[in-house]
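For reference, the structure discussed in these notes is given below.
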There are 2 protein chains.
Amino acid sequence: MISCPKCSEVGSIMKAGYVRNKQRYVCKDCNYFFTLSNPDQTTPRKNSRRHQTTIIDIARSTGVSNSTVSRALHGHADISPETRNAVLEMAAQLDYQPNQLAYNLVKSRTNTIGMIVPEFTNSFFPNIIIGAHELLIEAGYNLTIMQSNESYPIEVSNTKAMLANRIDGLLISLTQETNNYDHLKVFEKRGIPLVLFNRVCDYVSAPKVVVNDFEGSFLAVEHLILNGYDRIAHLGGPLNLLVSRERLRGYRAAMEKYGKTIEENMVIQGMFSQQKARIYGKYLLDLENRPDAIFAVNDSSAIEIMLMALEKGIRIPDELGVVGFSDNPESAYIGPGLTTIRQPTNEIGKTSAQWILQLIESEEELILPNEKVLKTELIVRGSSRRNRSLIINSEFG
Amino acid sequence: MISCPKCSEVGSIMKAGYVRNKQRYVCKDCNYFFTLSNPDQTTPRKNSRRHQTTIIDIARSTGVSNSTVSRALHGHADISPETRNAVLEMAAQLDYQPNQLAYNLVKSRTNTIGMIVPEFTNSFFPNIIIGAHELLIEAGYNLTIMQSNESYPIEVSNTKAMLANRIDGLLISLTQETNNYDHLKVFEKRGIPLVLFNRVCDYVSAPKVVVNDFEGSFLAVEHLILNGYDRIAHLGGPLNLLVSRERLRGYRAAMEKYGKTIEENMVIQGMFSQQKARIYGKYLLDLENRPDAIFAVNDSSAIEIMLMALEKGIRIPDELGVVGFSDNPESAYIGPGLTTIRQPTNEIGKTSAQWILQLIESEEELILPNEKVLKTELIVRGSSRRNRSLIINSEFG
DNA sequence: AACGTATCCGCAAACGTTACCGATACTTTT
DNA sequence: AAAAGTATCGGTAACGTTTGCGGATACGTT
């Protein structure tokens with residue numbers, strides 16, 4: 001009853017064990033092993049998922065070949081206007097959507113550039129994203145954004161995902177925890193363009209887009225000194241970040257230039273977080289000989305300090321001058337206004353995007369300047385202006 | 001000199017035109033057409049791009065087949081521990097990174113869900129993103145974010161890109177311009193899960209995550225009335241957005257409940273933009289019988305109004321009460337503080353993400369509640385509090 | 001021996017597209 | 001009319017994975 005699929009013999013068939021719960025047979029004649037496939041299962045269609053129309057569908061419906069359809073869709077040569085129109089019409093009719101995945105696979109490029117930012121909580125990184133996004137869209141690229149949430153492991157996993165998804169280039173701003181850069185070196189080895197911005201590091205030979213943190217910091221502290229503040233504290237960021245080191249350097253340089261002595265117990269470096277800002281701020285304000293001004297590494301820390309000063313009844317700017325960094329939107333509105341250093345966020349995004357595009361589209365090794373340093377701007381508001389006649393910004397009384 | 005590749009004949013070869021600028025020949029004997037491929041070009045290697053190690057490379061180096069490597073890498077069955085280890089070791093040695101593109105193609109799913117937001121400028125959408133991101137990452141999904149920049153064409157192009165990239169699901173908040181929803185219906189037809197949040201619309205049968213705009217709006221206006229304001233204006237949003245309509249409805253309901261007459265020239269619906277806010281705000285404040293309070297559709301408009309009032313010397317909250325919507329971070333700091341309606345942004349993101357995951361991972365058609373309405377919260381600050389004894393929030397004097 | 005079972009591994013077909021190359025029919029030149 | 005050129009289309013091998021199905025041992029059991 002059972003005949004060998006090979007030699008059609010019937011007599012020499014014998015059982016030969018089970019494979020995946022199916023009886024196996026062997027033909028003693030031709031030594032052919034086989035199982036009987038039961039075609040009774042109701043042929044579960046091509047795919048249970050709804051079938052997306054493909055180029056092949058169009059080809060079948062139009063009566064041409066896949067290659068012709070592909071040519072028609074891409075406006076390539078070697079095709080007559082009639083067939084092209086027929087194909088396009090059929091494509092519209094069948095509601096064809098190209099499968100970018102297949103395209104990417106064969107071209108091994110995705111037209112997507114990735115961006116990893118440490119956080120989203122204030123408008124700083126979003127503004128950078130906006131700047132970069134605009135340029136990239138214009139150049140025909142998509143932007144995939146991931147946020148590392150200031151966590152090194154997440155940053156690593158993000159870069160891995162970016163690699164697996166074969167992005168054409170990466171824009172990244174590092175976590176405050178990041179001390180190891182192997183996950184970035186992979187990109188070098190793979191030849192995938194990389195641009196660091198804002199939170200950069202040495203040790204990676206990629207172009208960097210930063211602002212002149214040193215100068216900005218210097219300006220901030222100089223401004224405080226010129227307004228008569230003397231004993232200026234610095235609430236800094238984590239020292240593994242270049243920005244923190246540069247801002248510290250600017251602080252020290254300004255203090256030195258004007259002959260102010262730096263009291264080292266008033267220079268604190270810590271993580272970026274509201275909680276830390278409160279803790280360090282409390283420490284500074286509770287010193288028995290407390291500083292008469294504080295230069296904070298970012299606006300949110302500065303604002304925390306302002307709020308604490310308010311609670312303690314310390315008058316700003318008379319008893320305490322405060323300067324932040326970055327010009328968050330809320331800084332314009334808080335109390336007398338927070339003096340701060342504006343960063344050209346949009347420009348950071350734009351130049352980063354521009355560079356990554358250049359790196360991608362240059363066939364050969366492109367030598368880019370290693371670093372672009374953008375200028376910062378001092379925004380003077382009430383939190384540091386002892387001379388009240390200078391008031392120009394709008395404020396509530 | 002030229003011999004036929006087929007029959008090796010020499011005498012019967014003749015030219016037969018050009019193909020892509022290369023001389024073509026035909027053998028009269030065997031009627032075989034051919035061009036001479038010149039192998040003198042320096043064999044440009046497999047790919048000019050650096051070769052990424054693939055599963056095939058591992059297979060060759062280990063001496064097993066592709067399938068075995070694949071099984072080893074994924075921890076599947078049908079493989080001995082020794083070979084598995086050997087493969088894994090070789091994979092590590094060759095620094096193998098899986099090609100997600102190929103994987104996605106064969107599985108026709110990307111483990112990526114897309115998110116389209118209208119803008120990034122304030123912290124509202126970023127906070128939603130944070131909430132969604134957290135859940136998605138935990139569930140093993142990636143998040144691709146695009147911003148439509150409040151432009152309908154960009155929104156359409158974004159959805160197209162998402163479709164082409166075969167995202168597994170889409171979270172979208174509509175543009176203020178969006179009046180046509182065909183680009184969303186495509187997702188329905190394709191069977192790709194879709195969740196609308198915040199800026200939703202009817203006409204699309206997808207679950208929606210919104211806040212109780214009506215209630216929030218009602219609370220805001222009621223609060224104004226209870227603080228003694230009488231002639232309350234409303235600066236609303238574009239009426240094609242449900243949020244705008246709901247907030248308008250809440251405004252009207254509160255006014256009606258307390259028997260206040262609505263002066264229709266003090267109800268303005270417009271686009272979300274700082275410029276528009278200034279124009280409409282100026283109009284309201286310049287009315288010869290100007291309102292004594294303004295309920296604005298969002299905080300940035302409210303802040304614009306506060307600033308204009310300041311310029312004009314109108315005292316807040318004594319001469320003018322102001323309430324916004326959304327509780328942007330700067331609202332806590334501006335002047336006397338802006339009373340506003342807080343939206344649970346994080347929760348919006350989380351429930352949206354949760355729903356999209358359920359929709360994706362449910363095999364069958366899943367019936368989800370059509371809508372989730374999250375609660376809002378009234379945050380009372382100085383801009384609307386005529387009874388000064390109630391002050392509790394910290395403020396600068 | 002003859003048969004049954006379990007384990008491990010390879011083959012090859014998908015997934016949807018692109019691009020190289022060959023093939024045909026037709027037009028133009030010599 | 002042969003030869004050469006042009007325009008248009010099809011065949012097919014990639015791209016890198018996954019996976020169903022079988023083949024081939026090795027070992028245990030009648």
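Residue names in the structure tokens use chain letters A, B, ... in the order shown, residue numbers from 1 in each chain, and ligand numbers from 1 in the order shown.
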Ala59 (chain B) environment, 10 Å, only C-alpha atoms (C1' of nucleotides), sequence neighbours closer than 3 positions dropped, as a PyMOL selection string: chain B and resi 54-56+62-70+87+90-91
Would you export the selected residues with N, CA and C atoms as a PDB file, in the first residue's frame, please?
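Result saved to part.pdb:
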ATOM      1  N   THR B  54      28.735  37.735   8.624  1.00  0.00           N
ATOM      2  CA  THR B  54      27.374  37.214   8.601  1.00  0.00           C
ATOM      3  C   THR B  54      27.344  35.803   9.186  1.00  0.00           C
ATOM      4  N   ILE B  55      26.177  35.273   9.234  1.00  0.00           N
ATOM      5  CA  ILE B  55      26.012  33.920   9.719  1.00  0.00           C
ATOM      6  C   ILE B  55      26.796  32.947   8.839  1.00  0.00           C
ATOM      7  N   ILE B  56      26.826  33.241   7.579  1.00  0.00           N
ATOM      8  CA  ILE B  56      27.539  32.371   6.646  1.00  0.00           C
ATOM      9  C   ILE B  56      29.023  32.319   6.972  1.00  0.00           C
ATOM     10  N   THR B  62      33.324  27.699  11.265  1.00  0.00           N
ATOM     11  CA  THR B  62      33.109  26.649  12.257  1.00  0.00           C
ATOM     12  C   THR B  62      32.959  25.291  11.594  1.00  0.00           C
ATOM     13  N   GLY B  63      32.667  25.313  10.294  1.00  0.00           N
ATOM     14  CA  GLY B  63      32.505  24.054   9.603  1.00  0.00           C
ATOM     15  C   GLY B  63      31.130  23.432   9.766  1.00  0.00           C
ATOM     16  N   VAL B  64      30.145  24.259  10.029  1.00  0.00           N
ATOM     17  CA  VAL B  64      28.770  23.760  10.102  1.00  0.00           C
ATOM     18  C   VAL B  64      27.932  24.523   9.084  1.00  0.00           C
ATOM     19  N   SER B  65      26.647  24.265   9.120  1.00  0.00           N
ATOM     20  CA  SER B  65      25.780  24.925   8.149  1.00  0.00           C
ATOM     21  C   SER B  65      25.163  26.181   8.733  1.00  0.00           C
ATOM     22  N   ASN B  66      24.579  26.990   7.861  1.00  0.00           N
ATOM     23  CA  ASN B  66      23.930  28.217   8.298  1.00  0.00           C
ATOM     24  C   ASN B  66      22.856  27.934   9.346  1.00  0.00           C
ATOM     25  N   SER B  67      22.068  26.925   9.042  1.00  0.00           N
ATOM     26  CA  SER B  67      20.943  26.657   9.937  1.00  0.00           C
ATOM     27  C   SER B  67      21.454  26.349  11.336  1.00  0.00           C
ATOM     28  N   THR B  68      22.513  25.610  11.423  1.00  0.00           N
ATOM     29  CA  THR B  68      23.064  25.277  12.732  1.00  0.00           C
ATOM     30  C   THR B  68      23.505  26.534  13.464  1.00  0.00           C
ATOM     31  N   VAL B  69      24.143  27.419  12.736  1.00  0.00           N
ATOM     32  CA  VAL B  69      24.576  28.670  13.356  1.00  0.00           C
ATOM     33  C   VAL B  69      23.369  29.442  13.863  1.00  0.00           C
ATOM     34  N   SER B  70      22.381  29.541  13.012  1.00  0.00           N
ATOM     35  CA  SER B  70      21.180  30.262  13.411  1.00  0.00           C
ATOM     36  C   SER B  70      20.583  29.669  14.672  1.00  0.00           C
ATOM     37  N   VAL B  87      30.069  27.576  18.018  1.00  0.00           N
ATOM     38  CA  VAL B  87      29.499  28.634  17.176  1.00  0.00           C
ATOM     39  C   VAL B  87      29.507  29.968  17.906  1.00  0.00           C
ATOM     40  N   MET B  90      32.918  31.399  18.062  1.00  0.00           N
ATOM     41  CA  MET B  90      33.346  31.950  16.778  1.00  0.00           C
ATOM     42  C   MET B  90      32.616  33.247  16.482  1.00  0.00           C
ATOM     43  N   ALA B  91      31.349  33.303  16.847  1.00  0.00           N
ATOM     44  CA  ALA B  91      30.579  34.525  16.625  1.00  0.00           C
ATOM     45  C   ALA B  91      31.193  35.687  17.393  1.00  0.00           C
TER      46      ALA B  91
END
Kindly assemble as a Markdown table a list of the chain C residues that lie within 7 Å of chain A, each paired with its nearest atom pair and their distance in Å to one decimal, using only C-alpha atoms (C1' of nucleotides), sorted first by chain and then by ascending residue number.
| residue | atom | partner | partner_atom | distance |
| --- | --- | --- | --- | --- |
| C:DG4 | C1' | A:Gly17 | CA | 5.1 |
| C:DT5 | C1' | A:Gly17 | CA | 6.1 |
| C:DG16 | C1' | A:Ala102 | CA | 5.0 |
| C:DT17 | C1' | A:Tyr103 | CA | 5.2 |
| C:DT18 | C1' | A:Val106 | CA | 6.6 |
Rows by chain and residue number, chain A within 9 Å of chain B, shortest pair, only C-alpha atoms, as JSON lines:
{"residue": "A:Arg49", "atom": "CA", "partner": "B:Gly191", "partner_atom": "CA", "distance": 8.3}
{"residue": "A:Arg50", "atom": "CA", "partner": "B:Arg190", "partner_atom": "CA", "distance": 6.8}
{"residue": "A:His51", "atom": "CA", "partner": "B:Arg190", "partner_atom": "CA", "distance": 8.3}
{"residue": "A:Gln52", "atom": "CA", "partner": "B:Arg190", "partner_atom": "CA", "distance": 7.3}
{"residue": "A:Gln97", "atom": "CA", "partner": "B:Ala164", "partner_atom": "CA", "distance": 6.4}
{"residue": "A:Pro98", "atom": "CA", "partner": "B:Ala164", "partner_atom": "CA", "distance": 5.8}
{"residue": "A:Asn99", "atom": "CA", "partner": "B:Ala164", "partner_atom": "CA", "distance": 5.3}
{"residue": "A:Gln100", "atom": "CA", "partner": "B:Ala164", "partner_atom": "CA", "distance": 5.0}
{"residue": "A:Leu101", "atom": "CA", "partner": "B:Leu105", "partner_atom": "CA", "distance": 5.9}
{"residue": "A:Ala102", "atom": "CA", "partner": "B:Leu105", "partner_atom": "CA", "distance": 6.2}
{"residue": "A:Asn104", "atom": "CA", "partner": "B:Leu101", "partner_atom": "CA", "distance": 7.0}
{"residue": "A:Leu105", "atom": "CA", "partner": "B:Leu101", "partner_atom": "CA", "distance": 5.9}
{"residue": "A:Ser108", "atom": "CA", "partner": "B:Leu101", "partner_atom": "CA", "distance": 8.6}
{"residue": "A:Glu119", "atom": "CA", "partner": "B:Ile130", "partner_atom": "CA", "distance": 8.8}
{"residue": "A:Phe120", "atom": "CA", "partner": "B:Pro126", "partner_atom": "CA", "distance": 5.9}
{"residue": "A:Thr121", "atom": "CA", "partner": "B:Ser123", "partner_atom": "CA", "distance": 6.6}
{"residue": "A:Asn122", "atom": "CA", "partner": "B:Ser123", "partner_atom": "CA", "distance": 6.3}
{"residue": "A:Ser123", "atom": "CA", "partner": "B:Asn122", "partner_atom": "CA", "distance": 6.3}
{"residue": "A:Pro126", "atom": "CA", "partner": "B:Phe120", "partner_atom": "CA", "distance": 5.9}
{"residue": "A:Asn127", "atom": "CA", "partner": "B:Thr121", "partner_atom": "CA", "distance": 6.9}
{"residue": "A:Ile129", "atom": "CA", "partner": "B:Phe120", "partner_atom": "CA", "distance": 8.6}
{"residue": "A:Ile130", "atom": "CA", "partner": "B:Phe120", "partner_atom": "CA", "distance": 7.5}
{"residue": "A:His133", "atom": "CA", "partner": "B:Gln147", "partner_atom": "CA", "distance": 8.6}
{"residue": "A:Asn142", "atom": "CA", "partner": "B:Ala161", "partner_atom": "CA", "distance": 8.2}
{"residue": "A:Leu143", "atom": "CA", "partner": "B:Met146", "partner_atom": "CA", "distance": 7.2}
{"residue": "A:Thr144", "atom": "CA", "partner": "B:Thr144", "partner_atom": "CA", "distance": 5.2}
{"residue": "A:Ile145", "atom": "CA", "partner": "B:Ile145", "partner_atom": "CA", "distance": 5.8}
{"residue": "A:Met146", "atom": "CA", "partner": "B:Leu143", "partner_atom": "CA", "distance": 7.1}
{"residue": "A:Gln147", "atom": "CA", "partner": "B:His133", "partner_atom": "CA", "distance": 8.5}
{"residue": "A:Asn149", "atom": "CA", "partner": "B:Ile130", "partner_atom": "CA", "distance": 8.9}
{"residue": "A:Asn158", "atom": "CA", "partner": "B:Asn142", "partner_atom": "CA", "distance": 9.0}
{"residue": "A:Lys160", "atom": "CA", "partner": "B:Gln97", "partner_atom": "CA", "distance": 8.3}
{"residue": "A:Ala161", "atom": "CA", "partner": "B:Asn142", "partner_atom": "CA", "distance": 8.2}
{"residue": "A:Leu163", "atom": "CA", "partner": "B:Gln97", "partner_atom": "CA", "distance": 7.5}
{"residue": "A:Ala164", "atom": "CA", "partner": "B:Gln100", "partner_atom": "CA", "distance": 5.0}
{"residue": "A:Asn165", "atom": "CA", "partner": "B:Gln100", "partner_atom": "CA", "distance": 5.2}
{"residue": "A:Arg166", "atom": "CA", "partner": "B:Asn99", "partner_atom": "CA", "distance": 7.4}
{"residue": "A:Lys189", "atom": "CA", "partner": "B:Arg50", "partner_atom": "CA", "distance": 9.0}
{"residue": "A:Arg190", "atom": "CA", "partner": "B:Arg50", "partner_atom": "CA", "distance": 6.8}
{"residue": "A:Gly191", "atom": "CA", "partner": "B:Arg50", "partner_atom": "CA", "distance": 7.0}
{"residue": "A:Leu307", "atom": "CA", "partner": "B:Ser394", "partner_atom": "CA", "distance": 7.8}
{"residue": "A:Leu310", "atom": "CA", "partner": "B:Phe396", "partner_atom": "CA", "distance": 7.1}
{"residue": "A:Glu311", "atom": "CA", "partner": "B:Ser394", "partner_atom": "CA", "distance": 7.8}
{"residue": "A:Asn328", "atom": "CA", "partner": "B:Glu330", "partner_atom": "CA", "distance": 8.8}
{"residue": "A:Pro329", "atom": "CA", "partner": "B:Glu330", "partner_atom": "CA", "distance": 6.5}
{"residue": "A:Glu330", "atom": "CA", "partner": "B:Glu330", "partner_atom": "CA", "distance": 4.0}
{"residue": "A:Ser331", "atom": "CA", "partner": "B:Glu330", "partner_atom": "CA", "distance": 7.5}
{"residue": "A:Ala332", "atom": "CA", "partner": "B:Ile334", "partner_atom": "CA", "distance": 7.9}
{"residue": "A:Tyr333", "atom": "CA", "partner": "B:Ile334", "partner_atom": "CA", "distance": 4.3}
{"residue": "A:Ile334", "atom": "CA", "partner": "B:Tyr333", "partner_atom": "CA", "distance": 4.3}
{"residue": "A:Gly335", "atom": "CA", "partner": "B:Phe396", "partner_atom": "CA", "distance": 5.0}
{"residue": "A:Pro336", "atom": "CA", "partner": "B:Phe396", "partner_atom": "CA", "distance": 7.6}
{"residue": "A:Gly337", "atom": "CA", "partner": "B:Ile334", "partner_atom": "CA", "distance": 8.9}
{"residue": "A:Ser394", "atom": "CA", "partner": "B:Leu307", "partner_atom": "CA", "distance": 7.8}
{"residue": "A:Glu395", "atom": "CA", "partner": "B:Gly335", "partner_atom": "CA", "distance": 7.2}
{"residue": "A:Phe396", "atom": "CA", "partner": "B:Gly335", "partner_atom": "CA", "distance": 5.1}
{"residue": "A:Gly397", "atom": "CA", "partner": "B:Gly397", "partner_atom": "CA", "distance": 7.2}
Residues of chain D near chain B: apply a cut-off of 7 Å, count only C-alpha atoms (C1' of nucleotides), and supply the list as a list in words.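 Applying the cut-off to the listed atoms yields DA4, DG5, DG16, DT17 and DT18 of chain D.
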Identify, with DSSP run on backbone atoms, the residues in region 201-253 of chain B assigned to strand (DSSP E), and express the list as a list in words.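 Residues meeting the strand (DSSP E) criterion: Lys208, Val209, Val210, Val211, Ile232, Ala233, His234, Leu235 and Gly236 of chain B.
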Do you know which residues are at most 10 Å from Gly250 (chain A) counting only C-alpha atoms (C1' of nucleotides), after dropping those on the same chain fewer than 3 positions away, and could you put them as an NGL selection string? :A and (212-222 or 244-247 or 253-256)
Tell me, in Å to one decimal, how far CA of Gln343 (chain B) is from CA of Glu377 (chain B).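 CA of Glu377 (chain B) lies 6.8 Å from CA of Gln343 (chain B).
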